[in-house]
Every structure is written in C-alpha cells, then in structure tokens.
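Structure first, commentary second.
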Amino acid sequence: MEELFAPPAYEWKRLSPKYRSMRILTSLIIPPIIFSIPAVIVGVASGKWWISALIWAVAVVIVIIRLAFVTRSWRSWGYVEREDDLYITHGVMFRSLIAVPYGRMQLVEVESGPLERAFGLASVALKTASPETGARIPGLAPDEAIRLRDRLTELGEAHASGL
Amino acid sequence: MSASQPHHTSAPGPSTGSDPDTATPNPAPTSGPVKPTERPHPLTPFVRGWLVFVAIAIGWGREIVSSAGENQFEPRGLVWILPVLAIVVLLAGIAGFFSWYFTRFVIDDEELRIDTGAIFKRSTKIPFERLQSVDIVQPLAARIFGLAELRLDAGNSTTKLRYLSRSKASRFRDYLLTRAHGHHASIQDLDQQSVANVFTDLGAADHPLVQVSPQRLIVSFLLSTEWLIPTAISIIILVSTIAFGVLPFALGALIPLLIGMLSLIWRRVIGMFNFTLAESPRGLRITRGLTNLTSQSVPINRVQGVKTSQSLLWKALGWYRVDIDILGHADSDGENTESTASSVLLPVAALDEVELALGRVLPGFDLDDVALHPAPKRARWLRWFDFWTLRYGWDDRTLITEHGWFTHVRDMVPHAKTQSVRIEQGPLQRLLRLADVHVHTPRGPVNAVAHQLDDQIARALAIGQLDRARDARAAERQHRAVEMVRSDDHQGEAELLARFGTGRDHLLGSGGESEVFALNHDRVLRIYRSRHEAPLPTAAQLRSLYESWRAVDIGIELPLITDMGEYNGRSYSVDRRFSGRNFSSWLQSADSAQRRPALISFLDATERLQHLPSPVPGFARLIGDRAPQQFSTLGELLNDMLTGPLQTSRTRLDRDVPEVREMWNRLHGELAQRLVAPALVHGDVCPPNAYVSQGPNGPVVTGIGDFSPHTLNADPLLDVAGAVIFLELEPYADAPTDAAWLEAVAVERHGQDVSHWIDVYRRYYGFYFSNAYAVDPSLYAWCLRQLSR
C-alpha cells in the first residue's frame, strides 16, 4: 500500500516536530472555543444547561478524534527534491501525491502566520500555471523553508521552459 | 525579461497643437524624427454613440419588462426619459468624438504604437513579437458602416483599436500576425492582397476546414442538454401552475429562467452562427456570429489541451463539441460570449471534422493510434454509473483520458504542456486498491483525470507522465532554439544554395556554428552562421589539420574540406560527406539491444582519436585565433580553456552553484595532479558529431566529424569522459541509464582510476559549457548537474 505514495528511490523529508505540537494545540483549543459560543447562548437563554453540556461533550469527542489523528497526519506529510521535480505527499484518509516539475514552477512563496511564527514554523507554496496544482508544504523550520525556496527558485530557472 | 513586456508608458506628452495634421511627437527619444500617425475611421464616434444608445435602450427596456409585473406601464414615463436619453447620447457622442480625435496610431515596419487621451496622454507600444493574437470584432452597428475593431492580445493585456475600415483592419491583422511570427515583412507588401468576404471574413488565401451549417447548429442546440433541461423545467412549471391556476406566483421563477434561455440562444446560436474554422496563411482562424462578426486567431503553440464532449442525444447523430485551453484566455469565462475570445474550437462537428481539427491543434496526433486502457472491473463499486466509460492512454506526444456516460468527455493534454501530476486515493479506493491520476493544465475547460486505476498502474502512469513531460519539454526547447537561430540566419543563403544546386530541403543537420546541406553522395555544403566570429580562419585551420590526417588510418572516417570561400556575404566550405546516419538521431529510434553494441563502438572510435598526429608537440590548443598555442602543463592548458567561458558565466555560477569557488580550486588541484603524455583530443565527442552505419555484425560508429575550437593536444581521457557524459544530453528516455552503463564499460577497460578522472572532467566540462545559459538552457542545466554531483 505504502509504495503507491513512496518517492522513487528517495527518502521522504518530514515536517518539523513543532508542527505536530502546533496541531495538538489548535486541536485542543479551536473546537472548544467554537462549540462554547452556542453552548453558552443556549444555556443563558433557556437555562437548560444540560443541552450545553451535550454540546461540550461533542466538542470533547471532536478534540479526541483530532488528537488521535494529529500524529498520523503530521507523519503523513513528506516531500522530496528530485533531480527534475518536487514530490509532496500528505493525507491520512484521503491520500495524495503531487509531483511538480521544476521547469513548471512560476512562483515559490514562503508564508508564516502569527501562530506559525510563534511555533517557529513557515510554509512553502509552489504555483504553476495551473490553479489545480495546489502544492504546499506546511510546518517547515524557517531555515529549511528559505533553503527550499532558494533551491526551488534556482532549479526553476535552470529548468525554465516556456509554456 | 521585463524588457520584453508590453510597454505602457503614461507620459504627459507635448500637446498636439491646434493643427490636426501635425503628427504627435513620440515621447521615446530613440524613435527619431516626427512620424506620420493615423486616426481611426471618422465614423467611429457615431458608431460608439450608437452603441451607447443601444446599451441604454436595452437596459431601460429590461427595466420596463421586469417592472411590468408589478405596476402598469406608464406612457408618461417615456416623455420624461426621451430628453434625458438624448442628452446622454449627445454627451456620449461628444466624448466619443474627443476620444476619436485624440487617438492616433502607427502600424508600420518599425513599430506598433497607439496614443490616446486628451489630457492624460497615454502611449502604448507593443513589440511585434509579444503579440499573441490579433482578432477582428465587428459589432452590428460597426458592421453596418463597414467598420471593425482590432483587438491586440499581448501578454495579459488586451489593447483595442476601434474603429477601422474593415479592409484596413484585416490588412493590419495579416501584417501584425506575420510580424508576430517573427517574419520580416513590410506593410506595403500586403496592400495588394484581396479583401476578405463581408460575411465570413475569409480571404482568397484562406482555406475553410470546417463550416457549421445553420441547420446543424440549430438542431444541435435544440438537442443539447443545456437547452433541454431549462426547457423541461419551464414546461413543468407552466403546466403545473396553469393546472392549479396559480401562474402569477410562478413568474418569479419563470422570468429568470426565460432570460437565461434567451442568453443561451444568444451565445450558442446567434454568437456561433456561420461558424467557420479556416486555415489562413498565418495560422488557424475562427470566424463566427450572425449580428456581431468575430474573427479570432488560434495560437496553436499556446493550446494547452483539447476536450471533446458528446451528450447522449448527440451520440445518435455522431456529433461532438470541441473546446480548447488557450493560455491567457482564462479570463473569459470559457463560454461563448459573442465578442471575447472563446475556448470553443468547434461548437458541433462530425467525427471526420473533429479529427481534421485535432490534427491541426495537436500536430501529429492520431486518436486511432493510441491504445486506450479501461479501468479495472472492481471500479464498478465506486463508479457504478459510468465505470464502463473510464479510459486512459497515451502516445509519444499526448495523454488521453475519457469518462462519462450521459455526456462522454475526452480530454487530451500534450505531454509538453503538463503542469503537474497528482495521485489521489480515498479510503474506499484504498480498500479496492484503486487511485485517480490528475494531470494539471492551466485554467480552462480541459480537466484530464484518469479515474479509478489499479494503484500500481496509477503510479506508473503518473511517474511515466512526468518523464514524458520532461522529454517533450526538452524536445520543444531544442526545437525552439534551432528555430530561433534559423530565423535570423537566412540572409543571402538562398543564392548560395542555388549556386551549389541544392536547397533547404537537403538540410542534413544544423548546429550552433553551421548548417550542413547535401550536395551529392560524397560531398556536403557547410554554411557558417552569420554570428560565427571568424568562420574562414577556423575552417582554414581545420582544413590543414584534416589534410595532415589523410595519410593516417585509424579505422574511422574523418572529415575533409575540399573547398571553402565566401559568396553573397556568407562563408561556406565543401566537406566530404560521412557515410551512415547521424548517431544522435539513430539513438532515438534504436532499441536498447541495438544501442548497447553501437555505444561500445562509439567508445572504440573515441579511443582511436588519440592516435591522430598533432601538428605541434606538447599540450596545445590546435584551433582558434592564437593557435597553435602551446602550454607547458595540462593544467595550464585547461585553465586557459576555461578562462573565456567563465568570464561570461561567473556571476551566474556564483548564484546557482553553492561553494563554486571551493569547487573551482579543487578542480585546479586535481588537474595539476594528472600526469599524462599529450595526445589529440576532439573536445566535443557527442552523438550529434558521430555517424553510424549498419555493419555485418550490427550497428557500428564509422565516423567522427566536427572538429572545432574545442580540439586540443591534451589528455585523451577528456574524450572518453566526454563520450560518456555528453550521452546524458541525448533526448531519449534511457540516455542517463546508457551513460551510466557506458561509464562502467570505460572503467572496466581502463581501471578503477578512470572513474575518478571522469568525475574530474565532468566538472571541467560543467565549467567549460556554462556560458551556454542564454542559447541553450538545457545544456546549462546539465552543467549545473555536473557541478552539483
């Protein structure tokens, strides 16, 4: 099964472990916040706090499910720079493997939001002429993200071809 | 590359003065003296005013129609509105007049420039080679007056020039398209051409490929899903509401539906009326439209993919619709709006017409030659509704996927246009060991997905597609480089060819320095490129070198120059013709069982070159302006060889290769350690410079030609290394494997030590050819690979 998504003759490079920590944090925080809003409204408005408790219970279940998947999801990400193309894989239930030839890259972006910055992470996104490409690697250490960007830009120029 | 973008210079240029005949001085200082400019046709303001009137009338009419349901139509409203309307039209007319008055354009042999604006002057200059397409659009009002709009597509911007007389517009279109293709032409030459037909915009030189008759267009429209579904819904709503007597309540749903149907008729019938796909001397052209005539050129090199679709009802009639992805046309919604460029190649066509059109947009593609593979049987659990229609396949240029039962869709993507590839697998697919492969193309109607393949096959398809895409891109790049060199290099060539009684159809091969034409079975004519710095001194040096080898037999054919000179401004030489085929093109057609023995004999031939006598003893450059130039050590000679190329490429290498300086110093250290007796070195032993013949025991390399300024008296291992590593540049799939294998053969012959020196010379050649980045990006990429190993 694994071999469908294995890179040919290379080892996957994995994401930074900090990405897993970030995902654990977001999994712990975001569902309780989202579910607390209706729970509090219902509780205050109707006084039936057992409904709120049910809503919070749902939030707890979601947190548990998400936590169960965090490590697998983090481990499912991988990328490898081959001679002529970049491979990216991810997904636990719905898996995908994308290959982008360097000659087709039009743009390489490094992004880092406030949360990512707090964890010392950055992501690299690749754009081609096709909107469907959607190649993005999250959760990289900033040094690695910048190295990857420079390397990809360099390879992109060397392989550049018209459309 | 920013210099080649279209230049939009907003410049507060000097005032034109009061005399309308005074030409606008060009703000660009390089353009020299005042140049006569033209205005668009004087009827332009009237036509534009008329269009404003029509637009207002339509908008107002819509207002009345949509408000008619609520309150009664009041005729008094009309009295109010008429003067307002008159003022608006008058103002639009005045604005149109000023816009016309201050619009001036130049289309001549040097430039294409449009100046507009009364207060804020704007001068748009478009370099001819940036033009991607030139379309002619004729809205009804303009058509009545015999006027046309010229629409110029360059990069991502569209510039409109309106209005010109129709004959002038089509002349300019022809001229601009000629220039856009990189051919030199003068605007005067086109003046004599016949004028195109008023209804179809087809000139005498245009040859219609497919014409869609009105009957077929209308029948196909009435049978199309897009028409039948809203019609059926409307009828159901009408019948049910009338039966219950509640018709007025349904109007809110019916009116938008009817408007949608009318706009569909407008786009699919009126807009596509008289649809003609024609071959003109300047590429494919589409003309269409009943009221508004649109003439659109199809830039074939920008076609990114083709899609044919056939709904169930059309299947009975054998009709297809063909759409194409054209780069840069993504802004239009892909639908057939009456005037913008559209992605429709054929709105409805029979199979033979589809094949004809496919042959034009995907040259060399034949659907019958492609083996299509079905999805495995177990796909029916997931795609129960259309599993039997899922197909995929490819030939050497194009990938095909098919799916759909209600509407059968076939997507075709040329390998060279593949942007990226994705394999996807969901949880159910994992249970069934199935996966989807997506091949991404730029925005447009084409969406190639091979659904529900066996997972092993999916992986092979995806990875194979990347290889095919890479090879196709390399081939395309090479083709373009050759085209580029060729296009500027024909000055005075025809007369020279005629003098020797040959022609371009006898072209045997072309390289960076010269082109070779067959004269007869044992002689060829070599014409040096005009940009070659000193062709004749080089040829003279080569000639005496070749003469000195006539007495030596090393078992392979060597070149010989029998005559040389200059004629009509071009330098040429007459060379002996090699027997057999060019090794490079032979390699591409041979299978691996034939290739391997031929490569062994290629290595043999390479090794024999060192037995050729050198005119001077010691390490030396044999060809070139200072040749024969002797050096005391191999290191000094090779250092001298690298000096020239590195001067050009140093800054690029500094950026592209990490730690290039350490690598450079290490290479020098290693070359200084090489102890070897000097022998003759060709310097560029690669398959394009070798010839292969069919011997009694299989293919044998029988000749090596094209000695050049790379030729030295140095280390013979330079050629052995060259023969191995230049093989990686050959455009066939197994070339890297063959190169690795040939290196193993060389190591077996000469000992383990050789592997180290091949590695050293790899880096030497990597530096030596690194100045090729401008002319041959693939060679430069190869150099970077050598340097990063």
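Residues in the structure tokens are named by chain (A, B, ... in the order shown) and by number from 1 within that chain; ligands are numbered from 1 in the order shown.
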Practice task
Starting from chain A, keep only residues with some atom at most 12 Å from an atom of chain B, counting only C-alpha atoms, and report them as a PyMOL selection string.
Solution key: chain A and resi 1-8+82-106+126-135+147+150-163
Exercise for the section: Could you find all residues in stretch 14-138 of chain A that DSSP calls helix (DSSP H, G or I) from the backbone, and write them as an NGL selection string? Expected result: :A and (17-46 or 49-76 or 102-104 or 114-118)
Exercise for the section: From the DSSP assignment of the backbone, select every residue of stretch 20-115 of chain A that is strand (DSSP E or B), and format the answer as a PyMOL selection string. Expected result: chain A and resi 78-81+85-90+95-101+107-111
Handout entry: All residues 9 Å or closer to stretch 714-720 of chain B, only C-alpha atoms, same chain fewer than 3 positions away omitted, as a VMD selection string
Key = chain B and resid 603 606 to 607 609 to 610 618 to 621 634 637 to 638 674 to 685 723 to 725 743 746 754 757 to 758 761
Could the residues in this selection be written to a file with N, CA and C atoms, as a CSV table (one decimal), in the first residue's frame?
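Output below, filename again_4.csv:
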```csv
chain,number,residue,atom,x,y,z
B,603,LEU,N,32.5,4.2,-28.2
B,603,LEU,CA,33.6,4.3,-27.3
B,603,LEU,C,35.0,3.9,-28.0
B,606,THR,N,36.0,6.7,-30.2
B,606,THR,CA,36.6,7.8,-29.4
B,606,THR,C,38.0,7.5,-29.0
B,607,GLU,N,38.2,6.3,-28.6
B,607,GLU,CA,39.6,6.0,-28.1
B,607,GLU,C,40.6,6.0,-29.2
B,609,LEU,N,40.8,8.2,-31.6
B,609,LEU,CA,41.1,9.6,-32.0
B,609,LEU,C,42.5,10.0,-31.4
B,610,GLN,N,42.9,9.4,-30.3
B,610,GLN,CA,44.2,9.9,-29.7
B,610,GLN,C,45.4,9.5,-30.6
B,618,GLY,N,53.5,18.6,-27.4
B,618,GLY,CA,53.2,19.2,-26.1
B,618,GLY,C,51.7,19.6,-26.0
B,619,PHE,N,51.3,20.0,-24.9
B,619,PHE,CA,49.9,20.5,-24.6
B,619,PHE,C,49.7,21.7,-25.4
B,620,ALA,N,48.6,21.7,-26.2
B,620,ALA,CA,48.4,22.9,-27.1
B,620,ALA,C,46.9,23.0,-27.5
B,621,ARG,N,46.5,24.2,-27.8
B,621,ARG,CA,45.2,24.5,-28.5
B,621,ARG,C,45.5,24.4,-29.9
B,634,LEU,N,49.3,20.3,-18.6
B,634,LEU,CA,47.9,20.1,-18.9
B,634,LEU,C,47.1,21.1,-18.1
B,637,LEU,N,46.9,24.5,-19.8
B,637,LEU,CA,46.1,24.5,-21.0
B,637,LEU,C,44.6,24.5,-20.6
B,638,LEU,N,44.2,23.6,-19.7
B,638,LEU,CA,42.8,23.5,-19.4
B,638,LEU,C,42.3,24.8,-18.7
B,674,ARG,N,47.2,15.4,-12.6
B,674,ARG,CA,47.1,14.5,-13.7
B,674,ARG,C,48.4,14.5,-14.5
B,675,LEU,N,49.0,13.3,-14.6
B,675,LEU,CA,50.3,13.1,-15.3
B,675,LEU,C,50.0,12.2,-16.6
B,676,VAL,N,50.1,12.8,-17.8
B,676,VAL,CA,49.8,12.1,-19.0
B,676,VAL,C,50.5,12.7,-20.1
B,677,ALA,N,50.8,11.8,-21.1
B,677,ALA,CA,51.5,12.3,-22.3
B,677,ALA,C,50.5,12.9,-23.2
B,678,PRO,N,50.7,14.1,-23.8
B,678,PRO,CA,49.7,14.8,-24.6
B,678,PRO,C,49.4,13.9,-25.9
B,679,ALA,N,48.1,13.9,-26.2
B,679,ALA,CA,47.6,13.3,-27.4
B,679,ALA,C,46.4,14.1,-27.9
B,680,LEU,N,46.0,13.7,-29.1
B,680,LEU,CA,44.9,14.5,-29.8
B,680,LEU,C,43.6,14.3,-29.1
B,681,VAL,N,42.9,15.4,-28.8
B,681,VAL,CA,41.6,15.4,-28.2
B,681,VAL,C,40.6,16.2,-29.1
B,682,HIS,N,39.5,15.5,-29.4
B,682,HIS,CA,38.5,16.2,-30.2
B,682,HIS,C,37.8,17.3,-29.4
B,683,GLY,N,37.5,17.0,-28.1
B,683,GLY,CA,37.0,18.1,-27.3
B,683,GLY,C,35.4,18.1,-27.2
B,684,ASP,N,34.8,17.5,-28.2
B,684,ASP,CA,33.3,17.6,-28.2
B,684,ASP,C,32.8,16.3,-28.8
B,685,VAL,N,33.2,15.1,-28.3
B,685,VAL,CA,32.7,13.9,-28.8
B,685,VAL,C,31.4,13.6,-28.3
B,723,ALA,N,32.6,11.3,-24.2
B,723,ALA,CA,31.7,10.4,-24.8
B,723,ALA,C,30.7,9.8,-23.8
B,724,VAL,N,31.1,9.6,-22.6
B,724,VAL,CA,30.2,9.1,-21.5
B,724,VAL,C,29.2,10.2,-21.1
B,725,ILE,N,29.7,11.3,-20.7
B,725,ILE,CA,28.8,12.3,-20.0
B,725,ILE,C,28.0,13.1,-21.0
B,743,GLU,N,29.8,4.3,-18.7
B,743,GLU,CA,30.9,4.7,-17.8
B,743,GLU,C,31.5,3.4,-17.2
B,746,ALA,N,33.8,1.8,-19.6
B,746,ALA,CA,35.1,2.5,-19.6
B,746,ALA,C,35.9,2.2,-18.4
B,754,VAL,N,40.0,5.5,-13.6
B,754,VAL,CA,39.3,6.3,-14.6
B,754,VAL,C,38.1,6.9,-14.1
B,757,TRP,N,38.8,10.2,-12.7
B,757,TRP,CA,39.1,11.3,-13.7
B,757,TRP,C,37.9,11.7,-14.5
B,758,ILE,N,37.0,10.7,-14.8
B,758,ILE,CA,35.7,11.1,-15.4
B,758,ILE,C,35.0,12.1,-14.6
B,761,TYR,N,36.6,15.4,-15.0
B,761,TYR,CA,36.3,16.1,-16.3
B,761,TYR,C,34.9,16.4,-16.4
```
Problem - Who sits within 8 Å of B:Phe46, only C-alpha atoms, same chain under 3 positions skipped, as a list in words - result: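 After dropping sequence-adjacent residues, the list is Leu43, Gly49, Trp50, Gly93 and Gly96 of chain B.
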Exercise for the section: Write out as a PyMOL selection string which residues come within 6 Å of stretch 157-168 of chain B when counting only C-alpha atoms, dropping same-chain ones fewer than 6 positions away. Expected result: chain B and resi 40-41+44+146-151+195
Problem - Exercise: B:Thr389 partners within 10 Å, only C-alpha atoms, chain neighbours under 5 positions left out, as a VMD selection string - result: chain B and resid 374 to 375 383 402 to 405 408 to 409
Now that the selection is made, can you save its residues with N, CA and C atoms as a compact mmCIF listing (two decimals), in the first residue's frame?
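In the end it all went to selection32.txt:
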```txt
# COMPACT_ATOMS: atom_id res chain seq x y z
N PRO B 374 -8.95 0.34 -20.26
CA PRO B 374 -10.12 0.55 -19.38
C PRO B 374 -9.72 0.53 -17.91
N ALA B 375 -10.63 0.99 -17.07
CA ALA B 375 -10.43 0.88 -15.63
C ALA B 375 -10.70 -0.58 -15.25
N ARG B 383 -17.80 3.62 -9.20
CA ARG B 383 -18.34 4.40 -10.31
C ARG B 383 -19.40 3.56 -11.00
N GLU B 402 -10.76 9.53 -20.66
CA GLU B 402 -12.17 9.57 -21.07
C GLU B 402 -13.04 9.20 -19.88
N HIS B 403 -14.18 9.82 -19.79
CA HIS B 403 -15.15 9.41 -18.80
C HIS B 403 -16.51 9.94 -19.17
N GLY B 404 -17.54 9.41 -18.54
CA GLY B 404 -18.89 9.96 -18.69
C GLY B 404 -19.77 9.11 -19.58
N TRP B 405 -21.00 8.95 -19.11
CA TRP B 405 -21.96 8.17 -19.88
C TRP B 405 -23.03 9.10 -20.45
N HIS B 408 -20.28 12.14 -22.72
CA HIS B 408 -18.99 11.46 -22.81
C HIS B 408 -17.92 12.51 -23.09
N VAL B 409 -16.91 12.58 -22.24
CA VAL B 409 -15.90 13.62 -22.33
C VAL B 409 -14.54 12.98 -22.55
```
Exercise for the section: Show which residues sit within 8 Å of A:Glu109, as an NGL selection string. Count only C-alpha atoms, and ignore same-chain residues fewer than 5 positions away. Expected result: :A and (124-126 or 149)
Handout entry: Å distance separating atom CA of B:Leu671 from atom CA of B:Ile623, one decimal place
Key = 21.8 Å
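Picture a line from atom CA of B:Asp109 to atom CA of B:Leu131; it runs 14.9 Å.
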Problem - Atom-to-atom span, atom CA of B:Phe275 and atom CA of B:Val212, Å - result: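 Interatomic distance here is 5.4 Å.
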